[in-house]
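Asker: Structure file protein_25.txt (compact mmCIF, C-alpha atoms) right here:
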# COMPACT_ATOMS: atom_id res chain seq x y z
CA ASP U 236 107.84 103.31 101.81
CA ALA U 237 108.05 99.72 102.96
CA MET U 238 105.62 97.64 101.01
CA VAL U 239 104.51 94.39 99.42
CA ILE U 240 104.70 94.36 95.63
CA GLN U 241 103.02 91.91 93.32
CA ASN U 242 103.74 91.43 89.65
CA PRO U 243 102.06 91.33 87.33
CA ARG U 244 98.81 92.96 88.45
CA TYR U 245 96.90 91.10 85.72
CA GLN U 246 97.89 87.79 84.21
CA VAL U 247 96.19 85.97 81.39
CA THR U 248 97.13 82.37 80.72
CA GLN U 249 95.79 79.49 78.73
CA PHE U 250 94.20 76.39 80.15
CA GLY U 251 97.02 74.06 81.19
CA LYS U 252 99.84 76.52 80.55
CA PRO U 253 102.10 76.99 83.60
CA VAL U 254 102.11 80.43 85.12
CA THR U 255 104.18 82.11 87.84
CA LEU U 256 103.09 85.00 90.01
CA SER U 257 105.64 86.96 91.98
CA CYS U 258 105.69 88.84 95.24
CA SER U 259 108.41 90.95 96.79
CA GLN U 260 108.58 92.83 100.07
CA THR U 261 110.71 95.56 101.57
CA LEU U 262 109.41 95.02 105.11
CA ASN U 263 112.03 92.36 105.88
CA HIS U 264 109.32 90.14 107.34
CA ASN U 265 110.07 86.51 108.05
CA VAL U 266 106.64 85.17 107.15
CA MET U 267 105.08 85.29 103.70
CA TYR U 268 101.64 84.04 102.70
CA TRP U 269 99.73 83.32 99.52
CA TYR U 270 95.95 83.66 99.47
CA GLN U 271 93.45 82.88 96.76
CA GLN U 272 90.31 84.99 96.56
CA LYS U 273 87.54 84.11 94.15
CA SER U 274 84.81 86.56 93.31
CA SER U 275 82.72 87.61 96.33
CA GLN U 276 84.40 85.00 98.50
CA ALA U 277 86.72 85.18 101.45
CA PRO U 278 90.47 85.13 100.86
CA LYS U 279 91.67 81.58 101.40
CA LEU U 280 95.16 80.72 102.60
CA LEU U 281 97.03 78.44 100.20
CA PHE U 282 100.38 78.20 101.99
CA HIS U 283 102.93 80.22 103.88
CA TYR U 284 106.66 80.41 104.48
CA TYR U 285 108.03 80.71 107.97
CA ASP U 286 111.48 81.88 106.92
CA LYS U 287 112.41 79.06 104.52
CA ASP U 288 110.06 76.54 106.05
CA PHE U 289 107.20 75.84 103.67
CA ASN U 290 103.76 75.12 105.12
CA ASN U 291 101.02 73.88 102.84
CA GLU U 292 97.35 74.06 103.78
CA ALA U 293 95.76 70.63 103.76
CA ASP U 294 93.25 71.50 101.06
CA THR U 295 95.61 73.33 98.71
CA PRO U 296 95.68 71.45 95.39
CA ASP U 297 98.97 69.92 94.27
CA ASN U 298 98.70 72.08 91.19
CA PHE U 299 99.87 75.00 93.33
CA GLN U 300 103.52 75.27 94.32
CA SER U 301 105.62 78.00 95.84
CA ARG U 302 109.23 79.06 96.01
CA ARG U 303 111.00 81.49 98.29
CA PRO U 304 114.57 82.00 97.11
CA ASN U 305 115.30 84.69 99.70
CA THR U 306 113.62 86.80 102.37
CA SER U 307 112.37 89.40 99.92
CA PHE U 308 110.83 87.27 97.19
CA CYS U 309 108.18 84.60 96.99
CA PHE U 310 106.66 82.96 93.92
CA LEU U 311 103.42 81.13 93.28
CA ASP U 312 103.58 78.54 90.52
CA ILE U 313 100.43 77.08 89.03
CA ARG U 314 101.56 74.08 87.08
CA SER U 315 98.46 73.43 84.97
CA PRO U 316 95.90 76.17 85.44
CA GLY U 317 92.28 75.22 85.10
CA LEU U 318 89.30 77.49 84.58
CA GLY U 319 88.54 77.18 88.28
CA ASP U 320 91.88 78.74 89.18
CA ALA U 321 90.85 82.12 87.85
CA ALA U 322 90.96 84.35 90.91
CA MET U 323 92.74 87.16 92.68
CA TYR U 324 95.97 85.97 94.29
CA LEU U 325 97.09 87.95 97.30
CA CYS U 326 100.54 87.89 98.83
CA ALA U 327 100.98 88.97 102.43
CA THR U 328 103.78 89.25 104.94
CA SER U 329 104.06 89.45 108.69
CA SER U 330 106.73 89.69 111.33
CA LEU U 331 107.44 86.74 113.59
CA ASP U 332 106.25 88.46 116.74
CA ILE U 333 102.97 89.81 115.35
CA GLN U 334 101.97 87.22 112.81
CA GLU U 335 98.30 88.04 112.94
CA THR U 336 98.82 91.53 111.52
CA GLN U 337 99.53 90.87 107.90
CA TYR U 338 100.52 93.31 105.20
CA PHE U 339 99.03 92.61 101.81
CA GLY U 340 100.11 93.37 98.30
CA PRO U 341 97.59 94.67 95.75
CA GLY U 342 97.07 91.21 94.30
CA THR U 343 97.40 89.61 90.87
CA ARG U 344 94.21 88.86 89.01
CA LEU U 345 94.59 85.66 87.02
CA LEU U 346 92.42 84.93 84.02
CA VAL U 347 92.48 81.46 82.48
CA LEU U 348 91.29 81.14 78.89
CA ASP O 58 82.34 74.89 106.16
CA GLN O 59 82.68 78.63 106.53
CA GLN O 60 83.97 79.42 110.00
CA VAL O 61 83.75 83.20 109.66
CA LYS O 62 80.67 84.74 108.11
CA GLN O 63 79.70 88.25 107.17
CA ASN O 64 76.05 87.91 106.31
CA SER O 65 75.57 91.41 104.90
CA PRO O 66 77.19 91.72 101.47
CA SER O 67 76.69 95.48 101.50
CA LEU O 68 75.81 98.41 103.73
CA SER O 69 74.89 101.95 102.78
CA VAL O 70 75.18 104.78 105.33
CA GLN O 71 74.84 108.55 105.32
CA GLU O 72 77.94 110.60 106.08
CA GLY O 73 78.16 111.45 109.77
CA ARG O 74 76.04 108.50 110.88
CA ILE O 75 77.21 105.27 112.46
CA SER O 76 78.24 102.28 110.36
CA ILE O 77 77.91 98.87 112.00
CA LEU O 78 79.46 95.89 110.29
CA ASN O 79 78.79 92.45 111.69
CA CYS O 80 80.67 89.18 111.73
CA ASP O 81 79.83 85.74 113.15
CA TYR O 82 82.15 82.83 113.75
CA THR O 83 81.70 79.19 114.61
CA ASN O 84 85.12 78.05 115.80
CA SER O 85 85.33 78.46 119.57
CA MET O 86 89.11 78.11 119.38
CA PHE O 87 89.46 81.50 117.71
CA ASP O 88 91.10 83.85 120.18
CA TYR O 89 92.03 86.89 118.13
CA PHE O 90 89.95 88.85 115.69
CA LEU O 91 90.83 91.48 113.14
CA TRP O 92 89.18 93.81 110.69
CA TYR O 93 90.77 94.64 107.38
CA LYS O 94 89.73 97.33 104.94
CA LYS O 95 90.18 97.03 101.19
CA TYR O 96 89.97 99.74 98.57
CA PRO O 97 89.62 98.85 94.88
CA ALA O 98 92.90 97.85 93.22
CA GLU O 99 94.64 97.65 96.60
CA GLY O 100 95.33 94.84 99.00
CA PRO O 101 93.54 94.61 102.35
CA THR O 102 95.00 96.80 105.08
CA PHE O 103 94.83 96.12 108.78
CA LEU O 104 92.33 98.31 110.60
CA ILE O 105 91.76 97.15 114.17
CA SER O 106 91.90 93.98 116.23
CA ILE O 107 90.69 92.51 119.49
CA SER O 108 91.82 89.68 121.70
CA SER O 109 89.30 87.24 123.13
CA ILE O 110 90.15 88.42 126.65
CA LYS O 111 88.56 91.76 125.84
CA ASP O 112 85.08 92.74 124.77
CA LYS O 113 85.87 96.13 123.29
CA ASN O 114 88.74 97.86 121.56
CA GLU O 115 88.66 101.43 120.35
CA ASP O 116 90.89 103.33 117.95
CA GLY O 117 89.68 106.78 117.02
CA ARG O 118 86.46 106.50 115.04
CA PHE O 119 86.68 102.70 114.97
CA THR O 120 85.49 100.40 117.74
CA VAL O 121 85.33 96.63 117.66
CA PHE O 122 83.01 94.76 120.02
CA LEU O 123 83.33 91.07 120.79
CA ASN O 124 80.55 88.92 122.22
CA LYS O 125 82.15 85.54 122.86
CA SER O 126 79.00 83.83 124.08
CA ALA O 127 77.23 84.75 120.84
CA LYS O 128 80.38 84.22 118.75
CA HIS O 129 79.78 87.61 117.25
CA LEU O 130 81.85 90.69 116.64
CA SER O 131 81.01 94.02 115.16
CA LEU O 132 82.87 97.05 113.87
CA HIS O 133 81.44 100.47 114.59
CA ILE O 134 82.55 103.52 112.63
CA VAL O 135 81.47 106.85 114.11
CA PRO O 136 81.11 109.24 112.41
CA SER O 137 81.21 107.61 108.99
CA GLN O 138 83.02 109.46 106.22
CA PRO O 139 82.92 109.01 102.43
CA GLY O 140 86.56 107.90 102.56
CA ASP O 141 85.46 104.93 104.64
CA SER O 142 83.74 103.47 101.59
CA ALA O 143 85.52 100.17 101.02
CA VAL O 144 85.18 96.43 101.50
CA TYR O 145 85.59 95.38 105.13
CA PHE O 146 86.81 91.89 105.96
CA CYS O 147 86.50 90.25 109.31
CA ALA O 148 89.23 87.72 110.15
CA ALA O 149 89.97 85.37 113.01
CA THR O 150 92.85 83.25 114.21
CA GLU O 151 93.56 80.80 117.01
CA ASN O 152 96.54 80.53 119.29
CA ALA O 153 97.42 84.15 118.59
CA GLY O 154 100.90 85.00 119.77
CA GLY O 155 101.73 81.38 120.30
CA THR O 156 104.05 79.18 118.32
CA SER O 157 101.62 78.69 115.48
CA TYR O 158 101.72 80.96 112.49
CA GLY O 159 99.18 83.69 111.98
CA LYS O 160 96.69 81.71 109.94
CA LEU O 161 93.79 84.05 109.29
CA THR O 162 90.34 82.81 108.42
CA PHE O 163 88.47 85.54 106.59
CA GLY O 164 84.83 86.36 106.08
CA GLN O 165 83.48 87.17 102.62
CA GLY O 166 83.55 90.90 103.18
CA THR O 167 80.96 93.67 103.41
CA ILE O 168 80.92 96.54 100.94
CA LEU O 169 80.40 99.79 102.86
CA THR O 170 79.23 102.84 100.97
CA VAL O 171 79.11 106.15 102.80
CA HIS O 172 77.06 108.76 100.98
CA PRO O 173 77.90 112.48 101.33
Re-express the file's structure as structure tokens.

Answerer:
Amino acid sequence: DAMVIQNPRYQVTQFGKPVTLSCSQTLNHNVMYWYQQKSSQAPKLLFHYYDKDFNNEADTPDNFQSRRPNTSFCFLDIRSPGLGDAAMYLCATSSLDIQETQYFGPGTRLLVL
Amino acid sequence: DQQVKQNSPSLSVQEGRISILNCDYTNSMFDYFLWYKKYPAEGPTFLISISSIKDKNEDGRFTVFLNKSAKHLSLHIVPSQPGDSAVYFCAATENAGGTSYGKLTFGQGTILTVHP
């Protein structure tokens, strides 16, 4: 089945220690997104890739970076995690012609100690 | 500034009855609206959508209603089933189908519980 896969499902890191979350997809979609969802809040878009073009949301902290080495993979790097970065991180994909319908992975829950 | 709001954190309904989930938005530029459903330990999955040129869209047991003047949309599930128990997110976007990317603005979600 075509899908969006996120690894790991749970990630524990220490305050200030860089961490990388990964996302892969078998849907061959051109667009990939990273969302942050804190407890009982709405998912919030951090950035997206339109093919290899990176688009950062204006209010995404510089602490968050992303890489997309190829169509299938996308990474979220948190350079110096703070306690406030503990959240669920959701990866999503969409095709170019129906960008509004996004396919989500199961998410990675990040805990910062 | 939360542009999409789901004011009911939770809703409990008896199996077979109607579930009505509500969503309000403030951005008049939104022109496409979606509902996503999320089960525990899974990502949100697309459920149903509606364009701003319509006021109703139906798909089986699911119907979405849009009231543009009130900036309000609702999702009706009839009849409700225990398997519908999940978190439901309302989402909106502007310039749907245009050259902009599909930036979705989500509500906080409503937890629906359908009791047998």

Asker: Suppose you want the space between atom CA of U:Arg314 and atom CA of U:Gly251; what is it in Å?

Answerer: 7.4 Å

Asker: Could you write out as a list in words the residues of chain O within 8 Å of chain U, counting all atoms listed in the file?

Answerer: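 Contact residues on the first chain: Ala98, Glu99, Gly100, Pro101, Thr102, Phe103, Thr150, Ala153, Gly154, Tyr158, Gly159, Lys160, Leu161, Thr162, Phe163, Gly164, Gln165 and Gly166 of chain O.
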
Asker: Can you work out which one of O:Lys113, O:His129, O:Arg74, O:Arg118 has the shortest atom-to-atom distance to O:Ala148, counting all atoms listed in the file?

Answerer: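 Ranked by minimum distance to O:Ala148, first place goes to O:His129.
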
Asker: Do you know which residues lie at most 12 Å from (116.5, 87.7, 98.6), with coordinates as in the file and all atoms listed in the file counted, and could you write them as a list in words?

Answerer: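 Collected hits near the coordinates: Cys258, Ser259, Gln260, Thr261, Asn263, His264, Asn265, Asp286, Lys287, Arg302, Arg303, Pro304, Asn305, Thr306, Ser307, Phe308, Cys309 and Phe310 of chain U.
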
Asker: What's the separation between atom CA of O:Asp116 and atom CA of O:Glu72, in Å to one decimal place?

Answerer: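 It comes out at 19.0 Å.
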
Asker: To one decimal in Å, tell me the separation between atom CA of U:Asp312 and atom CA of U:Thr328.

Answerer: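 So the two atoms, atom CA of U:Asp312 and atom CA of U:Thr328, lie 18.0 Å apart.
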
Asker: Between O:Ala127, O:Ile168, O:Val61, O:Leu68, which residue has the minimum interatomic distance to O:Lys94, considering only C-alpha atoms?

Answerer: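 Closest to O:Lys94, using only C-alpha atoms: O:Ile168.
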